[in-house]
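**Student:** File target04.txt follows (compact mmCIF, C-alpha atoms):
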```
# COMPACT_ATOMS: atom_id res chain seq x y z
CA LEU A 1 -14.07 7.94 -13.88
CA ILE A 2 -12.07 7.56 -10.64
CA LEU A 3 -8.81 6.87 -12.53
CA ASP A 4 -9.40 10.01 -14.56
CA LYS A 5 -10.07 11.95 -11.35
CA LEU A 6 -6.85 10.59 -9.77
CA GLU A 7 -4.80 11.51 -12.81
CA ARG A 8 -6.20 15.05 -12.84
CA GLU A 9 -6.45 15.84 -9.13
CA LEU A 10 -3.73 14.01 -7.17
CA PRO A 11 -0.94 16.34 -5.98
CA GLU A 12 2.20 16.27 -8.17
CA TYR A 13 4.49 15.26 -5.27
CA LEU A 14 2.75 11.87 -5.02
CA PHE A 15 5.50 9.92 -6.76
CA TYR A 16 4.36 6.69 -5.05
CA HIS A 17 0.65 7.10 -4.15
CA ASN A 18 -0.31 7.78 -7.74
CA TYR A 19 -2.33 6.39 -10.62
CA LYS A 20 0.24 3.59 -11.23
CA HIS A 21 0.09 2.38 -7.60
CA THR A 22 -3.72 2.33 -7.80
CA ILE A 23 -3.68 0.14 -10.94
CA ASP A 24 -1.10 -2.08 -9.25
CA VAL A 25 -3.29 -2.60 -6.17
CA VAL A 26 -6.38 -3.34 -8.29
CA ASN A 27 -4.45 -6.00 -10.26
CA GLN A 28 -2.94 -7.57 -7.12
CA ALA A 29 -6.30 -7.57 -5.31
CA GLU A 30 -7.74 -9.56 -8.22
CA LEU A 31 -4.76 -11.93 -8.40
CA ILE A 32 -4.65 -12.61 -4.64
CA GLY A 33 -8.46 -12.74 -4.49
CA TYR A 34 -8.59 -15.50 -7.10
CA GLY A 35 -5.71 -17.27 -5.34
CA GLU A 36 -7.74 -17.19 -2.12
CA LYS A 37 -10.83 -18.45 -4.00
CA VAL A 38 -13.19 -15.58 -3.18
CA THR A 39 -16.43 -15.06 -5.15
CA ASP A 40 -16.78 -12.89 -8.26
CA GLU A 41 -18.75 -10.31 -6.26
CA GLU A 42 -15.95 -10.19 -3.67
CA ILE A 43 -13.42 -9.69 -6.50
CA LEU A 44 -15.51 -6.74 -7.70
CA LEU A 45 -15.56 -5.23 -4.18
CA LEU A 46 -11.79 -5.74 -3.79
CA LYS A 47 -11.02 -4.15 -7.16
CA THR A 48 -13.36 -1.24 -6.42
CA ALA A 49 -11.72 -0.71 -3.01
CA GLY A 50 -8.36 -0.81 -4.78
CA LEU A 51 -9.48 1.96 -7.13
CA PHE A 52 -10.56 4.20 -4.23
CA HIS A 53 -8.09 3.22 -1.48
CA ASP A 54 -5.73 6.16 -2.06
CA SER A 55 -8.20 8.59 -3.69
CA GLY A 56 -8.41 10.47 -0.39
CA HIS A 57 -4.95 11.87 -1.17
CA ILE A 58 -6.83 14.32 -3.41
CA ILE A 59 -8.11 15.87 -0.16
CA SER A 60 -5.36 15.18 2.41
CA TYR A 61 -2.19 13.12 2.89
CA GLN A 62 -3.23 12.42 6.49
CA ASN A 63 -6.34 10.24 6.97
CA HIS A 64 -6.52 9.65 3.23
CA GLU A 65 -8.27 6.31 3.84
CA TYR A 66 -11.18 8.12 5.54
CA TYR A 67 -11.42 10.64 2.68
CA GLY A 68 -11.20 7.82 0.14
CA CYS A 69 -14.33 6.34 1.74
CA GLN A 70 -16.11 9.67 1.44
CA ILE A 71 -15.26 9.86 -2.27
CA ALA A 72 -16.42 6.23 -2.77
CA LYS A 73 -19.72 6.99 -0.98
CA GLU A 74 -20.25 9.96 -3.27
CA ILE A 75 -19.43 8.20 -6.57
CA LEU A 76 -20.43 4.54 -6.21
CA PRO A 77 -24.23 4.94 -5.84
CA LYS A 78 -24.22 6.35 -9.40
CA TYR A 79 -22.89 2.94 -10.53
CA ASN A 80 -25.62 0.94 -8.77
CA TYR A 81 -23.49 -0.25 -5.86
CA THR A 82 -25.73 -1.07 -2.88
CA ILE A 83 -25.30 0.54 0.54
CA GLU A 84 -24.02 -2.83 1.85
CA GLN A 85 -21.45 -3.11 -0.93
CA ILE A 86 -20.24 0.45 -0.34
CA GLU A 87 -19.90 -0.26 3.40
CA LYS A 88 -17.76 -3.35 2.63
CA ILE A 89 -15.65 -1.33 0.19
CA CYS A 90 -15.08 1.32 2.89
CA GLU A 91 -14.07 -1.38 5.39
CA LEU A 92 -11.54 -2.64 2.83
CA ILE A 93 -10.19 0.87 2.25
CA MET A 94 -9.85 1.49 6.01
CA ALA A 95 -8.02 -1.86 6.38
CA THR A 96 -5.11 -0.39 4.38
CA GLU A 97 -4.33 2.06 7.19
CA LEU A 98 -0.88 1.42 8.66
CA PRO A 99 -0.10 -0.64 10.61
CA PRO A 100 -2.46 -3.14 8.93
CA ARG A 101 -4.85 -5.01 11.24
CA PRO A 102 -7.17 -6.96 8.92
CA LYS A 103 -10.20 -8.58 10.55
CA ASN A 104 -11.24 -11.03 7.80
CA LEU A 105 -10.07 -12.69 4.58
CA MET A 106 -11.17 -9.81 2.34
CA GLU A 107 -9.25 -7.28 4.44
CA ARG A 108 -6.21 -9.58 4.46
CA ILE A 109 -6.30 -9.70 0.66
CA MET A 110 -6.61 -5.91 0.48
CA CYS A 111 -3.66 -5.32 2.84
CA ASP A 112 -1.50 -7.75 0.88
CA ALA A 113 -2.45 -6.12 -2.44
CA ASP A 114 -1.58 -2.67 -1.09
CA LEU A 115 1.89 -3.73 0.12
CA ASP A 116 2.56 -6.25 -2.64
CA TYR A 117 5.61 -4.31 -3.88
CA LEU A 118 7.53 -5.21 -0.68
CA GLY A 119 8.18 -8.65 -2.14
CA ARG A 120 8.66 -7.79 -5.79
CA ILE A 121 11.83 -7.48 -7.82
CA ASP A 122 11.06 -3.80 -8.50
CA PHE A 123 10.95 -3.10 -4.75
CA ILE A 124 13.95 -0.72 -4.67
CA PRO A 125 12.79 1.61 -7.50
CA VAL A 126 9.22 1.57 -6.15
CA SER A 127 10.32 2.29 -2.57
CA ASN A 128 12.53 5.10 -3.87
CA THR A 129 9.40 6.79 -5.25
CA LEU A 130 7.93 6.67 -1.73
CA TYR A 131 11.15 8.17 -0.37
CA ASP A 132 10.95 10.98 -2.98
CA GLU A 133 7.32 11.60 -2.04
CA LEU A 134 8.11 11.88 1.68
CA LYS A 135 11.21 13.98 1.00
CA ALA A 136 9.17 16.41 -1.14
CA GLN A 137 6.96 17.01 1.92
CA ASN A 138 9.92 17.31 4.34
CA LYS A 139 8.82 14.10 6.09
CA MET A 140 12.10 12.23 5.52
CA GLY A 141 15.81 12.79 6.04
CA SER A 142 18.65 11.12 4.16
CA LEU A 143 18.42 8.06 1.94
CA ASN A 144 20.46 6.22 4.58
CA ASP A 145 17.81 7.06 7.23
CA TRP A 146 15.15 5.87 4.80
CA ASN A 147 16.94 2.55 4.28
CA LYS A 148 17.07 1.99 8.05
CA ILE A 149 13.32 2.64 8.28
CA GLN A 150 12.73 0.30 5.34
CA VAL A 151 14.64 -2.55 6.99
CA LYS A 152 12.63 -2.08 10.19
CA PHE A 153 9.33 -1.95 8.26
CA LEU A 154 10.13 -4.96 6.06
CA THR A 155 11.33 -7.02 9.01
CA SER A 156 8.12 -6.42 10.97
CA HIS A 157 5.82 -6.73 7.93
CA GLN A 158 3.93 -9.95 7.27
CA TYR A 159 1.74 -11.02 4.40
CA PHE A 160 -1.66 -12.17 5.62
CA THR A 161 -2.73 -14.55 2.84
CA GLU A 162 -1.25 -17.84 1.73
CA THR A 163 -1.22 -16.58 -1.87
CA ALA A 164 0.84 -13.47 -1.10
CA ASN A 165 3.19 -15.48 1.11
CA LYS A 166 3.84 -17.91 -1.74
CA LEU A 167 4.28 -15.13 -4.30
CA ARG A 168 6.28 -12.56 -2.32
CA GLU A 169 7.80 -13.66 1.00
CA VAL A 170 11.02 -15.18 -0.37
CA ASN A 171 11.81 -12.10 -2.43
CA LYS A 172 10.95 -9.81 0.50
CA GLU A 173 13.66 -11.52 2.57
CA LYS A 174 16.15 -10.89 -0.27
CA GLN A 175 15.15 -7.20 -0.32
CA ILE A 176 15.89 -6.89 3.40
CA GLU A 177 19.41 -8.20 2.80
CA ARG A 178 19.89 -5.88 -0.21
CA ILE A 179 18.88 -2.81 1.77
CA LYS A 180 21.00 -3.78 4.76
CA SER A 181 24.01 -3.85 2.44
CA LEU A 182 23.29 -0.24 1.38
CA ILE A 183 23.16 1.18 4.91
CA THR A 184 26.04 3.05 6.48
CA TRP A 185 26.00 2.74 10.28
CA THR A 186 27.70 5.07 12.75
CA ASN A 187 29.96 3.36 15.30
CA GLU A 188 27.38 4.00 18.03
CA GLU A 189 24.56 2.43 15.96
CA GLU A 190 26.81 -0.51 15.09
CA THR A 191 27.32 -1.20 18.79
CA GLN A 192 23.57 -0.87 19.58
CA LYS A 193 22.67 -3.38 16.85
CA PHE A 194 24.38 -6.16 18.77
CA GLU A 195 23.18 -5.31 22.27
```
As structure tokens, what does this structure read like?
**Tutor:**
Amino acid sequence: LILDKLERELPEYLFYHNYKHTIDVVNQAELIGYGEKVTDEEILLLKTAGLFHDSGHIISYQNHEYYGCQIAKEILPKYNYTIEQIEKICELIMATELPPRPKNLMERIMCDADLDYLGRIDFIPVSNTLYDELKAQNKMGSLNDWNKIQVKFLTSHQYFTETANKLREVNKEKQIERIKSLITWTNEEETQKFE
């Protein structure tokens, strides 16, 4: 139901925050969850949070996590989720707000699942879809500016679980070097880099 809703109702300019990203996060939440040895019920909650974590984009780009919780609260009781389970799912959705500040293992898994692509070999094409999405909304300048932001984001980013660190950290470091090689710096910026 929710995947169908996302496919029908998400704005067309969401080249990154789309149906494919949602499926990706659900799969990674399960993979990292099993790696971190959480219970089957916790896997269910993680996967459900993954399904709803970006659904709020149907309503608004800003605060989409909050709106995703509202959609989850509306839909999940029909599928016999308890109030407690829905609250946990909403906490997991809110944990994906940037910058991530997870408070427990479940939230750490969710944050790592959401930003899993940072350490994957398809990082560049995936991040380019995010650039296209921001550009379509006039939220981003040149590709060169985007690459500078990416290097800064990747350098400050950390995976929170041992599983994600093992799976993705090495490749993430390679991506930082790849992007750095694509950036053109002005003379002034070049000087500031070394100060």
**Student:** Find the residues with any atom within 9 Å of (-9.7, 1.3, -2.8); use all atoms listed in the file and the coordinates as given in the file, and write the answer as a PyMOL selection string.
**Tutor:** chain A and resi 22+25-26+45-55+65+68-69+72+89-90+92-94+96+110
**Student:** Restricting the calculation to all atoms listed in the file, which member of A:Tyr159, A:Ile23, A:Lys174, A:Tyr61 is positioned closest to A:Ile109?
**Tutor:** A:Tyr159
**Student:** For the atom pair atom CA of A:Ala164 and atom CA of A:Ala95, what is the interatomic distance in Å to one decimal place?
**Tutor:**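 Result for atom CA of A:Ala164 versus atom CA of A:Ala95: 16.4 Å, one decimal.
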**Student:** Got a sec: who's within 9 Å of stretch 121-133 of chain A, counting all atoms listed in the file, leaving out chain neighbours fewer than 5 positions off, as a ChimeraX atom specification?
**Tutor:** /A:13-17,138-140,143,146,150,171-172,175,179
**Student:** Just how far from atom CA of A:Leu154 is atom CA of A:Gly141, in Å to one decimal?
**Tutor:**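 These atoms are spaced 18.6 Å apart.
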**Student:** Padding 3 Å on each side, edges along x, y and z: where is the centre of the box around the listed atoms of stretch 87-98 of chain A, and how long are its edges in Å to one decimal? Output it as lines of an AutoDock Vina configuration file.
**Tutor:**
```
center_x = -10.4
center_y = -0.6
center_z = 4.4
size_x = 25.0
size_y = 11.4
size_z = 14.5
```
**Student:** Atom CA of A:Leu182 to atom CA of A:Arg168: how many Å, to one decimal?
**Tutor:** 21.3 Å
**Student:** Pick the closest to A:Glu12 from A:His57, A:Lys88, A:Lys166, A:Lys152: which is it, counting all atoms listed in the file?
**Tutor:**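 So, comparing all the options, the nearest one is A:His57.
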